[in-house]
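Structure data follow from protein25.cif (mmCIF, C-alpha atoms):
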data_data
loop_
_atom_site.label_atom_id
_atom_site.label_comp_id
_atom_site.auth_asym_id
_atom_site.auth_seq_id
_atom_site.Cartn_x
_atom_site.Cartn_y
_atom_site.Cartn_z
CA MET C 16 83.50 83.05 97.92
CA SER C 17 81.38 81.34 95.37
CA THR C 18 82.85 80.29 92.07
CA THR C 19 79.81 81.60 90.29
CA THR C 20 80.35 85.06 91.69
CA ASP C 21 83.90 85.07 90.37
CA ALA C 22 82.58 85.08 86.85
CA ALA C 23 82.53 88.26 84.79
CA PRO C 24 79.49 90.39 85.60
CA SER C 25 77.36 90.06 82.51
CA THR C 26 77.25 89.02 78.91
CA THR C 27 77.12 92.65 77.86
CA ALA C 28 80.12 93.49 80.00
CA ARG C 29 82.10 90.58 78.56
CA ALA C 30 81.26 91.75 75.06
CA ARG C 31 82.59 95.26 75.78
CA ARG C 32 85.61 94.18 77.74
CA PRO C 33 88.98 93.73 76.02
CA GLY C 34 90.61 90.32 76.19
CA THR C 35 92.70 89.18 79.12
CA ALA C 36 95.96 89.50 77.18
CA ALA C 37 95.14 93.06 76.15
CA LEU C 38 94.18 94.00 79.70
CA GLY C 39 97.38 92.46 81.05
CA ALA C 40 99.45 94.36 78.49
CA GLY C 41 97.61 97.56 79.39
CA LEU C 42 98.38 96.98 83.06
CA ALA C 43 102.07 96.54 82.24
CA LEU C 44 102.06 99.77 80.22
CA LEU C 45 100.45 101.61 83.13
CA ALA C 46 103.16 100.28 85.44
CA LEU C 47 105.78 101.68 83.06
CA LEU C 48 103.91 105.01 82.95
CA LEU C 49 103.89 105.09 86.73
CA CYS C 50 107.66 104.49 86.76
CA ALA C 51 108.10 107.40 84.34
CA ALA C 52 105.90 109.69 86.47
CA THR C 53 107.90 108.69 89.56
CA ALA C 54 111.17 109.51 87.81
CA LEU C 55 109.75 112.85 86.67
CA SER C 56 108.67 113.67 90.21
CA LEU C 57 112.21 113.00 91.46
CA THR C 58 113.97 115.02 88.77
CA VAL C 59 111.75 118.10 88.27
CA GLY C 60 111.49 120.89 90.81
CA SER C 61 112.96 124.14 92.02
CA GLY C 62 116.75 124.36 91.85
CA GLN C 63 119.18 122.67 89.51
CA VAL C 64 119.70 119.03 90.47
CA SER C 65 121.69 116.77 88.16
CA LEU C 66 120.61 113.25 87.25
CA HIS C 67 123.68 111.98 89.10
CA ASP C 68 122.51 113.69 92.29
CA VAL C 69 118.99 112.33 91.81
CA LEU C 70 120.26 108.74 91.63
CA HIS C 71 122.56 109.13 94.60
CA GLY C 72 119.96 111.14 96.53
CA VAL C 73 117.56 108.21 96.29
CA PHE C 74 119.91 105.29 96.93
CA THR C 75 123.12 106.59 98.59
CA PRO C 76 122.49 110.16 99.76
CA ASP C 77 125.41 112.36 100.82
CA SER C 78 124.15 115.16 103.07
CA ALA C 79 127.17 117.30 102.14
CA VAL C 80 125.96 117.54 98.51
CA ARG C 81 123.06 120.00 98.23
CA GLY C 82 121.40 118.34 95.25
CA GLN C 83 121.40 114.92 96.87
CA LEU C 84 120.10 116.42 100.11
CA VAL C 85 117.21 118.09 98.26
CA VAL C 86 116.27 114.83 96.56
CA HIS C 87 116.49 112.76 99.74
CA GLN C 88 114.80 115.19 102.12
CA VAL C 89 112.24 116.89 99.86
CA ARG C 90 111.52 115.16 96.56
CA LEU C 91 111.67 111.53 97.70
CA PRO C 92 109.12 111.93 100.56
CA ARG C 93 106.94 114.01 98.23
CA THR C 94 107.02 111.33 95.55
CA LEU C 95 106.30 108.54 98.03
CA ALA C 96 103.38 110.57 99.39
CA GLY C 97 101.99 110.87 95.86
CA LEU C 98 102.34 107.13 95.26
CA LEU C 99 100.73 106.22 98.56
CA ALA C 100 97.85 108.70 98.38
CA GLY C 101 97.26 107.98 94.68
CA VAL C 102 96.95 104.22 95.09
CA ALA C 103 94.63 104.69 98.09
CA LEU C 104 92.37 107.24 96.40
CA GLY C 105 92.13 105.34 93.11
CA LEU C 106 91.11 102.12 94.81
CA ALA C 107 88.78 103.85 97.26
CA GLY C 108 86.98 105.60 94.40
CA ALA C 109 86.48 102.36 92.46
CA VAL C 110 85.24 100.51 95.55
CA ILE C 111 82.79 103.22 96.65
CA GLN C 112 81.35 103.51 93.12
CA GLY C 113 80.91 99.72 93.01
CA LEU C 114 79.45 99.61 96.51
CA THR C 115 76.86 102.32 95.88
CA ARG C 116 76.33 101.54 92.18
CA ASN C 117 76.66 105.28 91.71
CA PRO C 118 79.14 106.46 89.04
CA LEU C 119 79.24 109.93 90.59
CA ALA C 120 80.14 108.64 94.04
CA ASP C 121 83.53 109.53 95.47
CA PRO C 122 85.33 108.50 98.68
CA GLY C 123 83.79 111.43 100.49
CA LEU C 124 80.31 110.01 100.02
CA LEU C 125 80.46 107.99 103.25
CA GLY C 126 81.29 111.13 105.21
CA VAL C 127 84.96 110.09 105.48
CA ASN C 128 86.45 113.43 104.42
CA ALA C 129 83.99 115.44 106.51
CA GLY C 130 84.69 113.25 109.54
CA ALA C 131 88.44 113.62 109.10
CA ALA C 132 88.10 117.40 108.67
CA VAL C 133 86.04 117.98 111.79
CA SER C 134 88.41 115.82 113.81
CA VAL C 135 91.47 117.72 112.57
CA VAL C 136 89.79 121.06 113.32
CA PHE C 137 89.06 119.79 116.82
CA ALA C 138 92.72 118.80 117.23
CA ILE C 139 93.92 122.24 116.11
CA SER C 140 91.34 124.32 117.95
CA VAL C 141 90.95 122.46 121.24
CA LEU C 142 94.22 120.54 121.62
CA SER C 143 96.40 123.22 119.93
CA LEU C 144 98.21 120.72 117.67
CA THR C 145 100.25 122.38 114.92
CA GLU C 146 102.15 119.70 112.95
CA PRO C 147 100.68 117.65 110.06
CA GLY C 148 102.22 114.54 111.59
CA GLN C 149 100.04 115.13 114.63
CA TYR C 150 96.87 115.35 112.56
CA ILE C 151 97.10 111.84 111.11
CA TRP C 152 95.51 109.90 113.91
CA PHE C 153 92.80 112.50 114.47
CA GLY C 154 92.00 112.42 110.78
CA PHE C 155 91.83 108.65 110.88
CA LEU C 156 89.68 108.62 114.00
CA GLY C 157 87.23 111.13 112.55
CA ALA C 158 87.01 109.23 109.26
CA CYS C 159 86.32 105.94 111.06
CA LEU C 160 83.67 107.42 113.36
CA ALA C 161 81.92 109.13 110.46
CA ALA C 162 81.88 105.93 108.40
CA VAL C 163 80.52 103.92 111.34
CA LEU C 164 77.81 106.54 111.85
CA VAL C 165 76.87 106.51 108.16
CA TYR C 166 76.82 102.72 107.98
CA GLY C 167 74.81 102.50 111.21
CA VAL C 168 72.21 104.98 110.00
CA GLY C 169 72.13 103.39 106.53
CA SER C 170 71.59 99.94 108.05
CA LEU C 171 68.42 100.93 109.90
CA GLY C 172 65.28 99.29 108.60
CA ARG C 173 64.43 95.85 107.32
CA GLU C 174 66.36 96.05 104.04
CA GLY C 175 69.67 96.85 105.72
CA ALA C 176 72.37 99.03 104.18
CA THR C 177 71.20 99.50 100.60
CA PRO C 178 73.22 101.75 98.23
CA VAL C 179 70.53 104.44 98.27
CA LYS C 180 70.30 104.51 102.06
CA LEU C 181 74.10 104.62 102.39
CA ALA C 182 74.28 107.53 99.95
CA LEU C 183 71.54 109.46 101.75
CA ALA C 184 73.05 108.79 105.17
CA GLY C 185 76.48 109.83 103.86
CA ALA C 186 75.13 113.06 102.36
CA ALA C 187 73.28 113.97 105.56
CA THR C 188 76.29 113.18 107.76
CA THR C 189 78.60 115.16 105.49
CA ALA C 190 76.28 118.17 105.66
CA VAL C 191 76.10 118.07 109.46
CA LEU C 192 79.84 117.57 109.97
CA SER C 193 80.69 120.26 107.42
CA SER C 194 78.44 122.69 109.29
CA VAL C 195 80.22 121.89 112.55
CA THR C 196 83.60 122.39 110.86
CA SER C 197 82.54 125.73 109.39
CA ALA C 198 81.18 126.92 112.73
CA MET C 199 84.46 126.11 114.48
CA LEU C 200 86.56 127.76 111.78
CA LEU C 201 84.47 130.93 111.59
CA THR C 202 84.89 131.55 115.31
CA ASP C 203 88.63 130.85 115.45
CA SER C 204 90.88 132.63 112.94
CA ARG C 205 94.04 130.89 114.25
CA THR C 206 92.54 127.47 113.60
CA PHE C 207 91.34 128.59 110.17
CA ASP C 208 94.85 129.72 109.17
CA GLN C 209 96.32 126.31 110.05
CA PHE C 210 93.46 124.23 108.70
CA ARG C 211 93.32 125.82 105.24
CA PHE C 212 96.84 124.61 104.37
CA TRP C 213 95.85 121.04 105.27
CA GLN C 214 92.46 121.28 103.57
CA VAL C 215 93.74 122.27 100.12
CA GLY C 216 95.55 118.97 99.66
CA ALA C 217 99.30 118.84 99.15
CA LEU C 218 102.20 116.40 98.88
CA ASN C 219 105.04 118.67 100.00
CA GLY C 220 106.26 118.83 103.57
CA ARG C 221 105.23 115.25 104.34
CA ASP C 222 107.53 113.56 106.79
CA ILE C 223 108.68 109.99 106.22
CA ASP C 224 107.25 109.06 109.62
CA VAL C 225 103.77 110.11 108.46
CA LEU C 226 104.12 107.91 105.37
CA ARG C 227 105.36 105.02 107.50
CA GLN C 228 102.33 105.35 109.78
CA ALA C 229 99.90 105.37 106.85
CA LEU C 230 101.56 102.53 104.87
CA PRO C 231 100.09 99.55 106.79
CA PHE C 232 96.55 100.90 106.33
CA VAL C 233 97.10 101.30 102.59
CA VAL C 234 98.52 97.77 102.28
CA ILE C 235 95.56 96.25 104.13
CA GLY C 236 93.15 98.36 102.03
CA VAL C 237 94.79 97.26 98.78
CA VAL C 238 94.57 93.57 99.69
CA LEU C 239 90.96 93.93 100.83
CA ALA C 240 89.97 95.86 97.70
CA GLN C 241 91.44 93.26 95.37
CA ALA C 242 89.65 90.50 97.28
CA LEU C 243 86.37 92.41 96.91
CA GLY C 244 86.59 92.62 93.10
CA PRO C 245 84.44 89.54 92.29
CA ARG C 246 81.90 90.49 94.96
CA LEU C 247 81.58 94.03 93.58
CA ASN C 248 80.85 92.43 90.22
CA GLY C 249 78.00 90.56 91.91
CA LEU C 250 76.68 93.76 93.52
CA ALA C 251 76.68 95.44 90.12
CA LEU C 252 74.07 92.93 88.97
CA GLY C 253 71.65 94.03 91.70
CA ASP C 254 70.87 92.84 95.21
CA ASP C 255 68.57 89.99 94.19
CA VAL C 256 71.01 88.51 91.67
CA ALA C 257 73.95 88.93 94.05
CA ARG C 258 71.98 87.22 96.78
CA GLY C 259 71.05 84.45 94.37
CA LEU C 260 74.76 83.97 93.59
CA GLY C 261 75.35 83.20 97.24
CA GLN C 262 76.67 86.55 98.42
CA ARG C 263 76.03 87.80 101.94
CA LEU C 264 75.32 91.40 101.03
CA GLY C 265 75.73 92.79 104.53
CA VAL C 266 79.21 91.29 104.87
CA THR C 267 80.24 92.47 101.42
CA ARG C 268 79.07 96.03 102.07
CA LEU C 269 80.65 96.13 105.50
CA CYS C 270 84.00 94.94 104.10
CA ALA C 271 83.77 97.46 101.25
CA ALA C 272 82.99 100.29 103.68
CA LEU C 273 85.92 99.23 105.88
CA CYS C 274 88.18 99.18 102.82
CA VAL C 275 87.12 102.73 101.86
CA VAL C 276 87.71 103.99 105.39
CA LEU C 277 91.20 102.48 105.55
CA LEU C 278 92.22 103.83 102.15
CA CYS C 279 90.61 107.26 102.50
CA GLY C 280 91.84 107.71 106.05
CA ALA C 281 95.40 106.93 105.00
CA ALA C 282 95.24 109.13 101.89
CA THR C 283 93.73 112.03 103.85
CA ALA C 284 96.38 111.70 106.53
CA VAL C 285 99.13 111.79 103.90
CA ALA C 286 97.88 114.47 101.52
CA GLY C 287 94.83 116.16 103.01
CA PRO C 288 91.30 115.84 101.60
CA LEU C 289 91.98 115.44 97.85
CA GLY C 290 88.52 115.16 96.36
CA PHE C 291 88.82 114.88 92.57
CA VAL C 292 91.13 111.87 92.11
CA GLY C 293 88.86 109.22 93.62
CA LEU C 294 85.93 110.44 91.52
CA ALA C 295 87.61 110.77 88.11
CA VAL C 296 90.17 107.96 87.96
CA PRO C 297 87.71 105.02 88.10
CA HIS C 298 85.88 106.53 85.12
CA ALA C 299 89.09 106.62 83.08
CA ALA C 300 89.97 103.09 84.17
CA ARG C 301 86.46 101.86 83.32
CA LEU C 302 86.87 103.09 79.75
CA LEU C 303 89.94 100.88 79.42
CA THR C 304 88.72 97.78 81.26
CA GLY C 305 84.94 97.79 81.12
CA PRO C 306 82.93 97.24 84.33
CA ASP C 307 84.78 94.13 85.59
CA HIS C 308 86.16 95.13 89.01
CA ARG C 309 88.84 92.45 88.88
CA TRP C 310 90.58 94.65 86.29
CA LEU C 311 89.05 98.02 87.17
CA LEU C 312 90.61 98.00 90.64
CA PRO C 313 94.27 97.46 89.63
CA TYR C 314 93.91 99.90 86.73
CA SER C 315 92.56 102.54 89.13
CA ALA C 316 95.39 101.80 91.58
CA LEU C 317 97.97 102.58 88.88
CA LEU C 318 96.22 105.46 87.11
CA ALA C 319 95.56 107.52 90.26
CA PRO C 320 99.21 107.91 91.37
CA VAL C 321 100.16 108.73 87.77
CA LEU C 322 97.60 111.57 87.78
CA LEU C 323 98.65 112.76 91.22
CA LEU C 324 102.40 112.77 90.49
CA LEU C 325 102.03 114.50 87.11
CA ALA C 326 99.71 117.11 88.64
CA ASP C 327 102.23 117.71 91.42
CA VAL C 328 105.06 118.14 88.90
CA LEU C 329 102.93 120.58 86.92
CA GLY C 330 102.17 122.51 90.10
CA ARG C 331 105.91 122.90 90.75
CA VAL C 332 106.69 124.49 87.39
CA VAL C 333 103.54 126.38 86.43
CA ALA C 334 103.99 129.42 88.70
CA PRO C 335 107.68 129.90 89.59
CA PRO C 336 109.17 130.71 92.04
CA GLY C 337 106.13 129.51 94.01
CA GLU C 338 104.12 126.32 93.65
CA VAL C 339 100.47 125.42 93.13
CA GLN C 340 99.31 122.66 95.48
CA VAL C 341 98.38 119.36 93.90
CA GLY C 342 94.74 119.52 95.07
CA VAL C 343 94.24 122.70 93.06
CA VAL C 344 95.99 121.31 89.96
CA THR C 345 94.04 118.03 89.86
CA ALA C 346 90.72 119.87 90.13
CA ALA C 347 91.65 122.58 87.60
CA VAL C 348 93.40 120.45 84.96
CA GLY C 349 91.37 117.27 85.37
CA SER C 350 87.88 118.74 85.26
CA VAL C 351 87.66 119.13 81.47
CA PRO C 352 88.91 115.60 80.62
CA PHE C 353 86.59 114.28 83.34
CA VAL C 354 83.54 115.90 81.76
CA LEU C 355 84.51 114.42 78.39
CA LEU C 356 84.95 111.00 79.98
CA VAL C 357 81.54 111.17 81.65
CA ARG C 358 79.87 112.24 78.40
CA ARG C 359 81.50 109.34 76.57
CA SER C 360 80.69 106.90 79.38
CA ALA C 361 77.06 108.02 79.38
CA ARG C 362 76.77 106.97 75.76
CA GLY C 363 78.23 103.54 76.50
CA ALA C 364 76.60 102.95 79.92
CA LEU C 365 78.84 102.92 82.97
#
I need this file expressed as structure tokens, please.
Amino acid sequence: MSTTTDAAPSTTARARRPGTAALGAGLALLALLLCAATALSLTVGSGQVSLHDVLHGVFTPDSAVRGQLVVHQVRLPRTLAGLLAGVALGLAGAVIQGLTRNPLADPGLLGVNAGAAVSVVFAISVLSLTEPGQYIWFGFLGACLAAVLVYGVGSLGREGATPVKLALAGAATTAVLSSVTSAMLLTDSRTFDQFRFWQVGALNGRDIDVLRQALPFVVIGVVLAQALGPRLNGLALGDDVARGLGQRLGVTRLCAALCVVLLCGAATAVAGPLGFVGLAVPHAARLLTGPDHRWLLPYSALLAPVLLLLADVLGRVVAPPGEVQVGVVTAAVGSVPFVLLVRRSARGAL
């Protein structure tokens, strides 16, 4: 990786970006905010659970005590699912927006969500699978195949996989796969009834085994995303400049696409196809850090789980005795702040 590429992306970006000390302090504050959101997710929910039971339910659970059992069996897996899916979606959103140089891109742009959805529908309809833990590998397989198809189609031609060609190939693939999914669901009411609970996006009912299966993919995706930060800065300057800085654009884009697939596949397996988080969080992070991906990526990785956990807590208390799933809350509550962020970003250039 060239030293030149590691530099901040542009003079304008450096002028807008806060200093390193301020960005480091902001990162520490976000970490504290994430700790607070995690504690809130463990303590708030249906039923009266004391703080004592919350602490023991996390570290030394006693299955004979109802409160500790609720925390250990229900709230702890739910909170871990929010942390895992949030980190994955935040990073995937920042990487895909950097890869395509499109501020409105989200992790579904490469056809990942559509590929995962059609694969899960196939598993339910044809193989008669019924448990979310059984969907994970089918979701992953569908996401990977869709991303390979999009990257293959986008790479055709002499210029290779340019951002525009990737976006067009992703949109076309998403449209085709979504049509196949709709056709399968409309002809099978049993499959539709099972699929709609997975499709809405939720953190509850996630087994620890599912989280354990998804964790290695998230860890690899996080490491890969952080390593890609300087190279995404080079891509932001345009293909010619990035090439002049010594970057191999094909390798960079392939690694970025692989990173998105790993992170989105894991997040989709854990929480279903949550669409809003990966789109909105990088915009909020960019307002705090500027366009430098070396800071944008870790900020997105902390902001996304904060949003997801707080939305999940809100969904638990907003309509008692039932709950509103987190995918509905993030889209409903986050849409207005997102529009304001985009309007403000448009004035300052993304």
Target residues per the PyMOL selection byres ((chain C and resi 206) around 12), formatted as JSON, numbers by chain: {"C": [133, 135, 136, 137, 138, 139, 140, 141, 142, 143, 144, 145, 196, 197, 198, 199, 200, 201, 202, 203, 204, 205, 207, 208, 209, 210, 211, 212, 213, 214]}
Can you give me, as a tab-separated table (two decimals) with C-alpha atoms, keeping the file's coordinate frame, the residues this file yields under the PyMOL selection byres ((chain C and resi 174-189) around 8)?
chain	number	residue	atom	x	y	z
C	114	LEU	CA	79.45	99.61	96.51
C	115	THR	CA	76.86	102.32	95.88
C	116	ARG	CA	76.33	101.54	92.18
C	124	LEU	CA	80.31	110.01	100.02
C	125	LEU	CA	80.46	107.99	103.25
C	126	GLY	CA	81.29	111.13	105.21
C	129	ALA	CA	83.99	115.44	106.51
C	130	GLY	CA	84.69	113.25	109.54
C	161	ALA	CA	81.92	109.13	110.46
C	164	LEU	CA	77.81	106.54	111.85
C	165	VAL	CA	76.87	106.51	108.16
C	166	TYR	CA	76.82	102.72	107.98
C	168	VAL	CA	72.21	104.98	110.00
C	169	GLY	CA	72.13	103.39	106.53
C	170	SER	CA	71.59	99.94	108.05
C	171	LEU	CA	68.42	100.93	109.90
C	172	GLY	CA	65.28	99.29	108.60
C	173	ARG	CA	64.43	95.85	107.32
C	190	ALA	CA	76.28	118.17	105.66
C	191	VAL	CA	76.10	118.07	109.46
C	192	LEU	CA	79.84	117.57	109.97
C	193	SER	CA	80.69	120.26	107.42
C	265	GLY	CA	75.73	92.79	104.53
C	268	ARG	CA	79.07	96.03	102.07
Counting all atoms listed in the file, the option among C:Val86, C:Val266, C:Val225, C:Val321 closest to His71 of chain C: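 When distances to His71 of chain C are compared using all atoms listed in the file, the smallest one comes from C:Val86.
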Atom CA of Leu247 of chain C to atom CA of Ala36 of chain C, straight-line distance in Å: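 These atoms are spaced 22.3 Å apart.
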Distance of atom CA of Ala120 of chain C from atom CA of Val344 of chain C, expressed in Å to one decimal place: 20.7 Å
Separation of atom CA of Gly101 of chain C from atom CA of Leu323 of chain C, in Å and rounded to one decimal: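 Between atom CA of Gly101 of chain C and atom CA of Leu323 of chain C the gap is 6.1 Å.
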Nearest to Tyr150 of chain C by atom-to-atom distance, counting all atoms listed in the file, from C:Leu311, C:Leu99, C:Ala281, C:Leu48: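 Closest to Tyr150 of chain C, using all atoms listed in the file: C:Ala281.
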Long-range neighbours of Asp327 of chain C as a ChimeraX atom specification, 8 Å cut-off, only C-alpha atoms, 4 positions minimum in chain: /C:56,218,323,331,340-341,344
Selection dump of the PyMOL selection byres ((chain C and resi 228) around 10), as a ChimeraX atom specification: /C:148,151-152,223-227,229-233,281,284-285
For Thr35 of chain C, the nearest of the candidates C:Val328, C:Ala347, C:Trp310, C:Glu146, counting all atoms listed in the file: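 The shortest atom-to-atom distance to Thr35 of chain C comes from C:Trp310.
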For Thr58 of chain C, the nearest of the candidates C:Leu324, C:Ala319, C:Ala272, C:Pro313, counting all atoms listed in the file: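 Going through C:Leu324, C:Ala319, C:Ala272, C:Pro313 one by one, the smallest distance to Thr58 of chain C is for C:Leu324.
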C:Ala242, C:Gly82, C:Val237, C:Leu289 ranked by distance to Ala316 of chain C, top pick (using all atoms listed in the file):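 Closest to Ala316 of chain C of all the choices is C:Val237.
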Local residues around (121.7, 112.4, 94.8), at most 10 Å away, using all atoms listed in the file, as a VMD selection string: chain C and resid 64 to 78 80 to 87
Minimum-distance residue to Val275 of chain C, chosen among C:Ala300, C:Val195, C:Val127, C:Cys50 (using all atoms listed in the file):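 For Val275 of chain C, the nearest of the given residues is C:Val127.
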Please give the centre and size of the box around segment 146-163 of chain C (axis-aligned, containing every atom listed in the file, 3 Å added per side), with values in Å to one decimal and written as JSON.
{"center_x": 91.4, "center_y": 111.8, "center_z": 111.5, "size_x": 27.7, "size_y": 21.8, "size_z": 12.2}
